[in-house]
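For reference, target.txt (compact mmCIF, C-alpha atoms and all ligand atoms):
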```txt
# COMPACT_ATOMS: atom_id res chain seq x y z
CA MET A 1 1.22 -22.97 -3.54
CA LEU A 2 -0.24 -19.74 -4.91
CA PRO A 3 -3.90 -19.23 -3.92
CA LEU A 4 -4.69 -19.18 -7.65
CA ASP A 5 -2.22 -20.25 -10.34
CA PHE A 6 -3.91 -20.99 -13.66
CA TYR A 7 -0.73 -20.50 -15.71
CA ASN A 8 1.59 -22.38 -13.38
CA ILE A 9 3.43 -19.22 -12.51
CA GLU A 10 4.99 -21.05 -9.60
CA GLN A 11 7.21 -22.79 -12.15
CA ASN A 12 8.97 -19.44 -12.65
CA LEU A 13 9.61 -18.80 -8.97
CA THR A 14 12.82 -19.54 -7.11
CA ASP A 15 12.78 -21.70 -4.00
CA GLU A 16 13.29 -18.57 -1.91
CA GLU A 17 10.31 -16.85 -3.56
CA LYS A 18 8.10 -19.89 -2.97
CA LEU A 19 9.19 -20.03 0.66
CA VAL A 20 8.41 -16.34 1.21
CA GLN A 21 4.97 -16.70 -0.36
CA GLU A 22 4.22 -19.80 1.69
CA THR A 23 5.42 -18.18 4.93
CA ALA A 24 3.33 -15.06 4.36
CA GLY A 25 0.35 -17.18 3.32
CA LYS A 26 0.51 -19.26 6.50
CA PHE A 27 0.85 -16.11 8.56
CA VAL A 28 -2.28 -14.65 6.97
CA ASP A 29 -4.26 -17.88 7.51
CA ARG A 30 -3.10 -18.18 11.12
CA GLU A 31 -2.95 -14.58 12.34
CA VAL A 32 -5.01 -12.35 10.06
CA LEU A 33 -8.08 -14.19 8.80
CA PRO A 34 -9.35 -15.24 12.26
CA ILE A 35 -9.40 -11.63 13.55
CA ILE A 36 -9.73 -9.30 10.60
CA ARG A 37 -13.51 -9.27 10.29
CA ASN A 38 -13.81 -8.13 13.89
CA CYS A 39 -11.14 -5.45 13.40
CA PHE A 40 -12.91 -4.19 10.30
CA GLU A 41 -16.24 -4.02 12.09
CA LYS A 42 -14.72 -2.21 15.05
CA GLY A 43 -12.64 0.09 12.85
CA GLU A 44 -9.36 -0.91 14.50
CA PHE A 45 -5.94 -1.81 13.17
CA PRO A 46 -4.75 -5.07 14.83
CA LYS A 47 -1.69 -3.64 16.59
CA PRO A 48 -0.56 -6.98 18.15
CA LEU A 49 0.28 -8.12 14.62
CA ILE A 50 3.02 -5.52 14.20
CA LYS A 51 5.63 -7.27 16.29
CA LYS A 52 4.69 -10.65 14.82
CA MET A 53 5.08 -9.28 11.30
CA GLY A 54 8.51 -7.99 12.26
CA GLU A 55 9.47 -11.43 13.56
CA GLU A 56 8.35 -12.98 10.27
CA GLY A 57 10.72 -10.66 8.39
CA PHE A 58 7.97 -8.66 6.66
CA PHE A 59 9.63 -5.29 7.43
CA GLY A 60 12.84 -4.32 5.72
CA ALA A 61 12.04 -7.23 3.45
CA MET A 62 14.16 -5.84 0.60
CA LEU A 63 16.79 -4.31 2.88
CA PRO A 64 20.05 -6.27 2.82
CA THR A 65 21.38 -4.65 6.01
CA HIS A 66 20.21 -3.65 9.53
CA GLY A 67 18.38 -6.96 10.08
CA GLY A 68 16.43 -6.84 6.80
CA ALA A 69 15.78 -9.99 4.76
CA GLY A 70 17.29 -8.61 1.54
CA LEU A 71 14.63 -10.21 -0.66
CA GLY A 72 14.28 -9.58 -4.37
CA PRO A 73 11.29 -7.70 -5.81
CA VAL A 74 9.32 -10.83 -6.79
CA ALA A 75 9.56 -12.38 -3.31
CA TYR A 76 8.59 -9.01 -1.85
CA GLY A 77 5.61 -8.78 -4.21
CA LEU A 78 4.41 -12.29 -3.37
CA MET A 79 4.57 -11.38 0.32
CA MET A 80 2.41 -8.32 -0.35
CA MET A 81 -0.04 -10.43 -2.35
CA GLU A 82 -0.50 -12.77 0.58
CA LEU A 83 -0.84 -9.93 3.10
CA GLU A 84 -3.57 -8.30 1.03
CA ARG A 85 -5.34 -11.64 0.70
CA GLY A 86 -5.83 -11.02 4.41
CA ASP A 87 -6.79 -7.36 4.16
CA SER A 88 -5.66 -4.26 2.28
CA GLY A 89 -5.09 -2.60 5.65
CA ILE A 90 -2.46 -5.19 6.62
CA ARG A 91 -0.72 -4.83 3.27
CA SER A 92 -0.93 -1.02 3.54
CA PHE A 93 0.81 -1.17 6.90
CA ALA A 94 3.61 -3.25 5.38
CA SER A 95 3.81 -1.08 2.23
CA VAL A 96 4.25 2.06 4.32
CA GLN A 97 6.71 0.58 6.78
CA ASN A 98 8.81 -0.90 3.94
CA GLY A 99 8.46 1.39 0.96
CA LEU A 100 7.70 4.74 2.55
CA VAL A 101 9.71 4.68 5.78
CA ILE A 102 12.50 2.09 5.71
CA TYR A 103 13.22 2.72 2.03
CA PRO A 104 13.65 6.53 2.26
CA ILE A 105 15.72 6.29 5.44
CA ASN A 106 17.98 3.73 3.79
CA ARG A 107 18.15 5.54 0.47
CA PHE A 108 18.38 9.14 1.66
CA GLY A 109 19.56 8.92 5.28
CA SER A 110 23.08 9.28 6.69
CA GLY A 111 24.90 6.26 8.11
CA GLU A 112 24.14 7.44 11.63
CA GLN A 113 20.42 7.91 10.84
CA LYS A 114 20.20 4.41 9.40
CA GLU A 115 21.81 2.94 12.53
CA ARG A 116 19.45 4.94 14.73
CA TRP A 117 16.14 4.17 13.02
CA LEU A 118 16.32 1.11 10.79
CA PRO A 119 16.82 -1.76 13.31
CA GLY A 120 13.69 -0.83 15.31
CA LEU A 121 11.59 -0.41 12.16
CA VAL A 122 12.79 -3.74 10.75
CA SER A 123 12.07 -5.64 13.97
CA GLY A 124 8.61 -4.09 14.29
CA ASP A 125 9.47 -2.46 17.61
CA LYS A 126 8.98 0.90 15.92
CA VAL A 127 6.36 2.08 13.45
CA GLY A 128 6.69 4.83 10.87
CA CYS A 129 4.45 6.79 8.53
CA PHE A 130 4.86 8.94 5.43
CA GLY A 131 3.31 12.40 5.51
CA LEU A 132 3.09 13.85 2.03
CA THR A 133 -0.61 14.45 1.25
CA GLU A 134 -2.21 17.61 2.60
CA PRO A 135 -5.87 18.60 2.91
CA ASP A 136 -5.64 20.56 -0.38
CA PHE A 137 -2.84 18.67 -2.12
CA GLY A 138 -3.23 14.97 -2.91
CA SER A 139 -2.83 14.37 -6.65
CA ASP A 140 -0.60 17.44 -6.79
CA PRO A 141 1.71 16.94 -3.79
CA ALA A 142 4.21 19.45 -5.19
CA GLY A 143 1.71 22.15 -4.22
CA MET A 144 2.12 21.28 -0.52
CA LYS A 145 2.15 24.16 1.94
CA THR A 146 4.12 22.58 4.79
CA THR A 147 7.35 24.44 5.44
CA ALA A 148 10.59 23.98 7.34
CA VAL A 149 12.64 26.94 8.46
CA LYS A 150 16.15 26.65 9.88
CA ASP A 151 16.54 28.27 13.28
CA GLY A 152 19.97 27.73 14.85
CA ASN A 153 20.57 23.99 14.97
CA GLU A 154 16.87 23.17 14.66
CA TYR A 155 14.21 23.13 11.95
CA VAL A 156 10.78 24.58 12.65
CA LEU A 157 7.95 22.75 10.86
CA ASN A 158 4.51 24.19 10.13
CA GLY A 159 1.62 22.73 8.12
CA SER A 160 -0.92 19.90 7.99
CA LYS A 161 -0.93 16.41 6.52
CA MET A 162 -4.06 14.39 5.79
CA TRP A 163 -5.00 10.76 5.10
CA ILE A 164 -1.74 9.43 6.50
CA THR A 165 -1.60 5.63 7.00
CA ASN A 166 -0.27 4.57 10.43
CA SER A 167 0.15 8.17 11.63
CA ASP A 168 -1.70 7.66 14.89
CA ILE A 169 0.32 4.59 15.83
CA SER A 170 3.70 5.82 14.59
CA ASP A 171 6.89 6.35 16.53
CA TYR A 172 8.56 8.12 13.59
CA VAL A 173 6.62 10.53 11.40
CA LEU A 174 8.27 11.25 8.08
CA ILE A 175 7.22 14.75 7.04
CA TRP A 176 7.72 16.26 3.60
CA ALA A 177 8.12 20.03 3.73
CA TYR A 178 9.58 22.84 1.67
CA LEU A 179 12.84 24.24 2.98
CA GLY A 180 13.75 27.34 1.00
CA GLY A 181 11.52 26.14 -1.86
CA VAL A 182 13.05 22.63 -2.02
CA ALA A 183 11.09 19.57 -0.80
CA ARG A 184 12.90 17.84 2.06
CA ALA A 185 12.06 14.95 4.39
CA PHE A 186 12.22 15.12 8.20
CA VAL A 187 11.84 12.23 10.64
CA VAL A 188 9.91 13.56 13.63
CA ASP A 189 9.48 11.55 16.84
CA ALA A 190 5.86 11.07 17.90
CA GLY A 191 5.26 13.20 20.98
CA THR A 192 7.45 16.08 19.78
CA PRO A 193 5.84 19.32 21.04
CA GLY A 194 4.05 21.13 18.24
CA MET A 195 3.04 17.95 16.38
CA LEU A 196 -0.51 16.66 16.86
CA LEU A 197 -1.54 13.24 15.48
CA GLN A 198 -5.27 12.69 15.12
CA PRO A 199 -7.04 9.57 13.83
CA ILE A 200 -9.58 9.86 11.02
CA ARG A 201 -12.61 7.79 12.00
CA HIS A 202 -15.97 6.94 10.39
CA LYS A 203 -14.47 5.42 7.24
CA PHE A 204 -16.34 3.00 4.95
CA SER A 205 -13.03 1.72 3.59
CA MET A 206 -9.75 0.56 5.18
CA ARG A 207 -11.48 0.18 8.50
CA ALA A 208 -8.77 -2.19 9.76
CA SER A 209 -6.09 0.39 8.95
CA ASP A 210 -5.01 3.42 10.89
CA THR A 211 -5.46 6.65 8.91
CA GLY A 212 -4.89 10.08 10.39
CA GLU A 213 -4.14 13.77 10.24
CA ILE A 214 -0.91 15.44 11.29
CA HIS A 215 -0.82 19.05 12.46
CA LEU A 216 2.50 20.85 12.81
CA ASN A 217 2.52 24.08 14.70
CA ASP A 218 6.01 25.49 15.25
CA CYS A 219 7.23 21.93 15.70
CA ARG A 220 10.98 22.05 16.40
CA VAL A 221 13.25 19.18 15.43
CA PRO A 222 17.04 18.88 15.77
CA GLU A 223 18.87 19.40 12.48
CA ASP A 224 19.91 15.75 12.34
CA ARG A 225 16.25 14.84 11.67
CA MET A 226 16.46 15.89 8.04
CA LEU A 227 17.37 13.10 5.58
CA PRO A 228 20.33 14.64 3.75
CA GLY A 229 19.81 12.79 0.45
CA ALA A 230 16.09 13.55 0.06
CA GLU A 231 16.11 16.70 -2.00
CA GLY A 232 13.25 17.73 -4.26
CA MET A 233 9.93 16.11 -5.10
CA THR A 234 11.64 13.43 -7.19
CA ALA A 235 12.86 11.89 -3.93
CA ALA A 236 9.25 11.64 -2.69
CA TYR A 237 8.10 10.15 -6.00
CA THR A 238 10.88 7.55 -5.82
CA CYS A 239 9.39 6.34 -2.53
CA LEU A 240 5.88 6.31 -4.00
CA ASN A 241 7.06 3.97 -6.76
CA GLN A 242 8.14 1.45 -4.12
CA ALA A 243 4.68 1.51 -2.58
CA ARG A 244 2.93 1.41 -5.96
CA TYR A 245 4.84 -1.74 -6.88
CA SER A 246 3.71 -3.42 -3.66
CA ILE A 247 0.11 -2.41 -4.42
CA ALA A 248 0.23 -3.91 -7.92
CA TRP A 249 1.00 -7.31 -6.35
CA GLY A 250 -1.03 -6.80 -3.21
CA VAL A 251 -4.41 -6.22 -4.83
CA LEU A 252 -4.11 -9.55 -6.62
CA GLY A 253 -4.31 -11.16 -3.18
CA ALA A 254 -7.59 -9.38 -2.47
CA ALA A 255 -8.86 -10.37 -5.93
CA MET A 256 -7.94 -14.03 -5.37
CA ALA A 257 -9.71 -14.05 -2.02
CA CYS A 258 -12.88 -12.71 -3.68
CA TYR A 259 -12.63 -15.08 -6.65
CA ASN A 260 -12.14 -18.14 -4.45
CA GLU A 261 -15.02 -17.13 -2.19
CA ALA A 262 -17.36 -16.58 -5.14
CA LEU A 263 -16.28 -19.85 -6.78
CA ASP A 264 -16.96 -21.87 -3.60
CA TYR A 265 -20.33 -20.16 -3.19
CA SER A 266 -21.29 -20.80 -6.82
CA LYS A 267 -20.90 -24.54 -6.25
CA THR A 268 -23.09 -24.70 -3.16
CA ARG A 269 -25.77 -22.06 -3.68
CA ILE A 270 -28.80 -23.75 -5.25
CA VAL A 271 -31.20 -21.57 -7.27
CA PHE A 272 -33.77 -22.94 -9.73
CA ASP A 273 -32.76 -26.38 -8.40
CA LYS A 274 -29.20 -26.00 -9.66
CA PRO A 275 -25.92 -24.66 -8.27
CA ILE A 276 -25.56 -21.12 -9.59
CA GLY A 277 -22.12 -22.10 -10.92
CA SER A 278 -23.92 -24.15 -13.57
CA PHE A 279 -25.44 -21.04 -15.15
CA GLN A 280 -23.59 -19.63 -18.16
CA LEU A 281 -23.74 -16.03 -16.97
CA VAL A 282 -22.12 -16.93 -13.64
CA GLN A 283 -19.48 -18.97 -15.45
CA GLU A 284 -18.74 -16.00 -17.69
CA LYS A 285 -18.08 -13.86 -14.63
CA LEU A 286 -15.78 -16.50 -13.15
CA ALA A 287 -13.95 -16.90 -16.47
CA ASP A 288 -13.43 -13.13 -16.71
CA MET A 289 -12.19 -12.98 -13.12
CA LEU A 290 -9.73 -15.81 -13.65
CA THR A 291 -8.46 -14.27 -16.89
CA ASP A 292 -7.94 -10.83 -15.38
CA ILE A 293 -6.20 -12.15 -12.27
CA THR A 294 -3.91 -14.35 -14.37
CA CYS A 295 -2.97 -11.41 -16.63
CA GLY A 296 -2.29 -9.31 -13.51
CA GLN A 297 -0.01 -12.01 -12.10
CA LEU A 298 2.01 -12.23 -15.32
CA LEU A 299 2.29 -8.44 -15.44
CA CYS A 300 3.67 -8.29 -11.91
CA LEU A 301 6.02 -11.19 -12.39
CA GLN A 302 7.63 -9.61 -15.46
CA LEU A 303 7.75 -6.19 -13.75
CA GLY A 304 9.49 -7.79 -10.77
CA ARG A 305 11.99 -9.52 -13.04
CA LEU A 306 12.75 -6.19 -14.75
CA MET A 307 13.21 -4.58 -11.34
CA GLU A 308 15.69 -7.28 -10.35
CA LYS A 309 17.89 -6.11 -13.22
CA ASN A 310 17.06 -2.46 -12.67
CA GLN A 311 15.66 -2.36 -16.19
CA HIS A 312 12.24 -1.00 -15.26
CA ASP A 313 10.73 2.40 -15.70
CA TYR A 314 8.34 4.14 -13.29
CA THR A 315 5.65 4.21 -15.99
CA GLN A 316 5.65 0.40 -15.98
CA ILE A 317 4.90 0.53 -12.26
CA SER A 318 2.05 2.97 -13.00
CA LEU A 319 0.65 0.62 -15.61
CA ALA A 320 0.72 -2.32 -13.19
CA LYS A 321 -0.79 -0.35 -10.30
CA ARG A 322 -3.56 1.06 -12.50
CA ASN A 323 -4.37 -2.22 -14.21
CA ASN A 324 -4.26 -4.48 -11.19
CA VAL A 325 -6.33 -2.23 -8.94
CA ARG A 326 -8.94 -2.03 -11.71
CA VAL A 327 -8.83 -5.81 -12.01
CA ALA A 328 -9.15 -6.34 -8.28
CA LEU A 329 -12.10 -3.94 -7.96
CA ASP A 330 -13.84 -5.51 -10.92
CA VAL A 331 -13.27 -9.02 -9.53
CA ALA A 332 -14.54 -7.92 -6.11
CA ARG A 333 -17.69 -6.41 -7.62
CA LYS A 334 -18.39 -9.50 -9.74
CA ALA A 335 -17.77 -11.75 -6.73
CA ARG A 336 -20.11 -9.67 -4.62
CA ASP A 337 -22.77 -10.02 -7.28
CA ILE A 338 -22.35 -13.82 -7.37
CA LEU A 339 -22.77 -13.91 -3.59
CA GLY A 340 -26.20 -12.28 -3.92
CA ALA A 341 -27.57 -10.85 -0.69
CA SER A 342 -25.01 -12.86 1.28
CA GLY A 343 -22.40 -10.66 -0.34
CA ILE A 344 -23.33 -7.70 1.82
CA SER A 345 -22.83 -9.70 5.02
CA VAL A 346 -19.60 -9.55 7.00
CA GLU A 347 -19.81 -13.36 7.07
CA TYR A 348 -18.18 -13.11 3.66
CA GLN A 349 -14.94 -11.25 3.03
CA THR A 350 -15.65 -10.02 -0.50
CA MET A 351 -17.35 -6.77 0.39
CA ARG A 352 -14.64 -5.89 2.91
CA HIS A 353 -12.09 -6.26 0.13
CA MET A 354 -14.27 -4.32 -2.28
CA LEU A 355 -14.60 -1.41 0.13
CA ASN A 356 -10.87 -1.42 0.86
CA LEU A 357 -10.06 -1.35 -2.85
CA GLU A 358 -12.00 1.91 -3.16
CA SER A 359 -9.13 3.45 -1.16
CA VAL A 360 -6.45 1.61 -3.07
CA ILE A 361 -7.68 2.97 -6.39
CA THR A 362 -7.30 6.49 -4.92
CA TYR A 363 -4.08 6.36 -2.93
CA GLU A 364 -0.55 6.21 -4.32
CA GLY A 365 -1.77 8.05 -7.40
CA THR A 366 -5.41 7.87 -8.42
CA ASP A 367 -6.45 5.79 -11.41
CA SER A 368 -6.72 9.02 -13.43
CA ILE A 369 -3.24 10.22 -12.46
CA HIS A 370 -1.72 6.90 -13.57
CA THR A 371 -3.70 7.18 -16.81
CA LEU A 372 -2.10 10.57 -17.40
CA ILE A 373 1.38 9.29 -16.50
CA LEU A 374 0.89 6.64 -19.20
CA GLY A 375 -0.63 9.19 -21.59
CA LYS A 376 2.48 11.31 -21.24
CA LYS A 377 4.74 8.30 -21.78
CA ILE A 378 2.82 7.34 -24.94
CA THR A 379 2.47 10.78 -26.51
CA GLY A 380 5.26 12.77 -24.93
CA LEU A 381 2.61 15.35 -24.00
CA ASP A 382 1.85 16.17 -20.35
CA ALA A 383 -1.90 16.33 -19.62
CA VAL A 384 -1.61 16.34 -15.79
CA SER A 385 -1.60 20.08 -15.25
C1 LIG B 401 -6.89 5.11 3.11
C2 LIG B 401 -5.92 6.12 2.57
C3 LIG B 401 -4.60 6.08 3.01
C4 LIG B 401 -3.68 7.03 2.55
N1 LIG B 401 -2.38 7.01 3.03
C5 LIG B 401 -1.52 8.02 2.71
C6 LIG B 401 -0.21 8.08 3.29
O1 LIG B 401 0.19 7.21 4.05
N2 LIG B 401 0.57 9.14 3.00
C7 LIG B 401 0.18 10.13 2.15
O2 LIG B 401 0.95 11.07 1.94
N3 LIG B 401 -1.05 10.09 1.57
C8 LIG B 401 -1.91 9.07 1.83
N4 LIG B 401 -3.17 9.02 1.27
C9 LIG B 401 -3.59 10.11 0.40
C10 LIG B 401 -3.70 9.72 -1.07
O3 LIG B 401 -2.43 9.53 -1.63
C11 LIG B 401 -4.50 10.84 -1.78
O4 LIG B 401 -5.82 10.73 -1.30
C12 LIG B 401 -4.45 10.71 -3.28
O5 LIG B 401 -3.19 11.10 -3.78
C13 LIG B 401 -5.52 11.58 -3.98
O6 LIG B 401 -5.52 12.86 -3.47
P1 LIG B 401 -6.90 13.56 -3.01
O7 LIG B 401 -7.63 12.63 -2.13
O8 LIG B 401 -6.55 14.89 -2.51
O9 LIG B 401 -7.74 13.69 -4.37
P2 LIG B 401 -7.68 14.90 -5.39
O10 LIG B 401 -6.27 15.18 -5.77
O11 LIG B 401 -8.48 16.02 -4.85
O12 LIG B 401 -8.42 14.27 -6.65
C14 LIG B 401 -9.86 14.20 -6.71
C15 LIG B 401 -10.25 13.64 -8.07
O13 LIG B 401 -9.75 14.49 -9.10
C16 LIG B 401 -8.99 13.74 -10.02
N5 LIG B 401 -7.90 14.55 -10.56
C17 LIG B 401 -6.99 15.30 -9.86
N6 LIG B 401 -6.14 15.89 -10.72
C18 LIG B 401 -6.50 15.49 -11.97
C19 LIG B 401 -6.00 15.76 -13.29
N7 LIG B 401 -4.92 16.52 -13.49
N8 LIG B 401 -6.64 15.21 -14.33
C20 LIG B 401 -7.70 14.38 -14.15
N9 LIG B 401 -8.22 14.09 -12.94
C21 LIG B 401 -7.63 14.65 -11.86
C22 LIG B 401 -8.43 12.57 -9.22
O14 LIG B 401 -8.06 11.49 -10.06
C23 LIG B 401 -9.63 12.25 -8.33
O15 LIG B 401 -10.53 11.46 -9.06
C24 LIG B 401 -4.10 8.04 1.65
C25 LIG B 401 -5.43 8.05 1.20
C26 LIG B 401 -6.32 7.10 1.64
C27 LIG B 401 -7.73 7.12 1.15
```
Could you rewrite the structure in this file as structure tokens?
Amino acid sequence: MLPLDFYNIEQNLTDEEKLVQETAGKFVDREVLPIIRNCFEKGEFPKPLIKKMGEEGFFGAMLPTHGGAGLGPVAYGLMMMELERGDSGIRSFASVQNGLVIYPINRFGSGEQKERWLPGLVSGDKVGCFGLTEPDFGSDPAGMKTTAVKDGNEYVLNGSKMWITNSDISDYVLIWAYLGGVARAFVVDAGTPGMLLQPIRHKFSMRASDTGEIHLNDCRVPEDRMLPGAEGMTAAYTCLNQARYSIAWGVLGAAMACYNEALDYSKTRIVFDKPIGSFQLVQEKLADMLTDITCGQLLCLQLGRLMEKNQHDYTQISLAKRNNVRVALDVARKARDILGASGISVEYQTMRHMLNLESVITYEGTDSIHTLILGKKITGLDAVS
């Protein structure tokens, strides 16, 4: 059963989709919720979960080969929704491993590269990350300064990447760099001389997620580390769309967790001799939260169905990412308000979600960048640069 299903959306799900959602939901209840508060407080990603997530089939979820589950987009989205009901950091891990590492290797890699890297990533024995953003180039990744130069049968990489999810715990570091003015992707083994991976600490948000910097200083990789099909920034953007889709679903999980927590609290917290849920202003907040979450669910479901038929457009993914992250943040803020002072305590999960969502509204295209993507779609006029 969905954690919140006001419009009986479950009616429109296949048995496989229901099973995936239920499996991921049970996993979150059993493995994530009991430990996540502690991880968030300590600022640590729960690494023991990686292998377990692999065993559950959460990696390579849409991959039909190399041990992947070959799920459709709706089942994949429901899985992400459940994972983010646990924590945005857990969903981020899965989004990166699936959409930003397994996907590009499968889409742009050679047959030999797929055989070499995909099975370990799918099983969770290996972890990957996606290095596109640089200290001075986030919203405008095409401005990146990282370069690759061919030298004999090697490439020499130089540059820096910043804010990279999973970088510090990765076995394979996917680096985007310009080779002769064309963006290309290289899979670099962690520990390769010339590549330094450094964690970024002291974060208010995504504390249970690993975020780091990557420094490349004459880092030499064999020529078979370049993904032959990844040519130009469009290839990078194609990967980002995968991750953005998973975010659109995922944040609904965080929103549902906040809504359900606030609803429970509103029934038991007595103020002026009444449960606060009996006050009209609190009910208005709950009604708004329910409405926005329900609209977000319907949006994602239809987007997923379009993706099944390959009838979608990347601007529809932008719309869903932008809308649903806004919804989730708004729900989290309203829920935190309903919780009163208790809402700032780690005893409650709402503020953890709220803080995480401050990252989610920024990464994978900020809210403003998605607004401009939609503005261009509507008017035909590009206001980004
Ligand atoms: C927790 C976390 C994890 C991340 N993980 C990854 C990862 O795994 N891999 C990766 O490559 N990157 C990752 N990122 C980076 C993320 O994608 C970037 O932070 C994001 O693209 C924004 O870039 P920026 O931070 O440089 O902001 P900037 O680009 O400097 O933007 C700053 C502000 O200016 C606004 N702005 C910029 N341009 C315009 C414009 N044309 N019009 C109007 N407003 C504009 C933005 O909307 C924003 O509000 C992660 C970030 C975070 C926080």
message: ligand LIG 401 (chain B): which residues are within 9 Å, counting all atoms listed in the file? Reply as JSON, numbers by chain.
response: {"A": [89, 92, 93, 96, 100, 129, 130, 131, 132, 133, 134, 135, 136, 137, 138, 139, 140, 141, 161, 162, 163, 164, 165, 166, 167, 175, 176, 203, 205, 206, 207, 209, 210, 211, 212, 356, 358, 359, 360, 361, 362, 363, 364, 365, 366, 367, 368, 369, 370, 371, 372, 383, 384, 385]}
field: Close residues, A:Glu16 itself excluded, 9 Å, all atoms listed in the file, min 4 positions apart in chain, as a ChimeraX atom specification
entry: /A:20-21,71,75
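Residue nearest A:Val101, chosen from A:Gly86, A:Gly70, A:Pro222, A:Gly60 and counting all atoms listed in the file: A:Gly60.
Here atom CA of A:Asp168 stands at a distance of 14.9 Å from atom CA of A:Val187.
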message: Just checking: using only C-alpha atoms, which residue out of A:Asp125, A:Asp382, A:Glu84, A:Asp218 ends up closest to A:Thr146?
response: A:Asp218
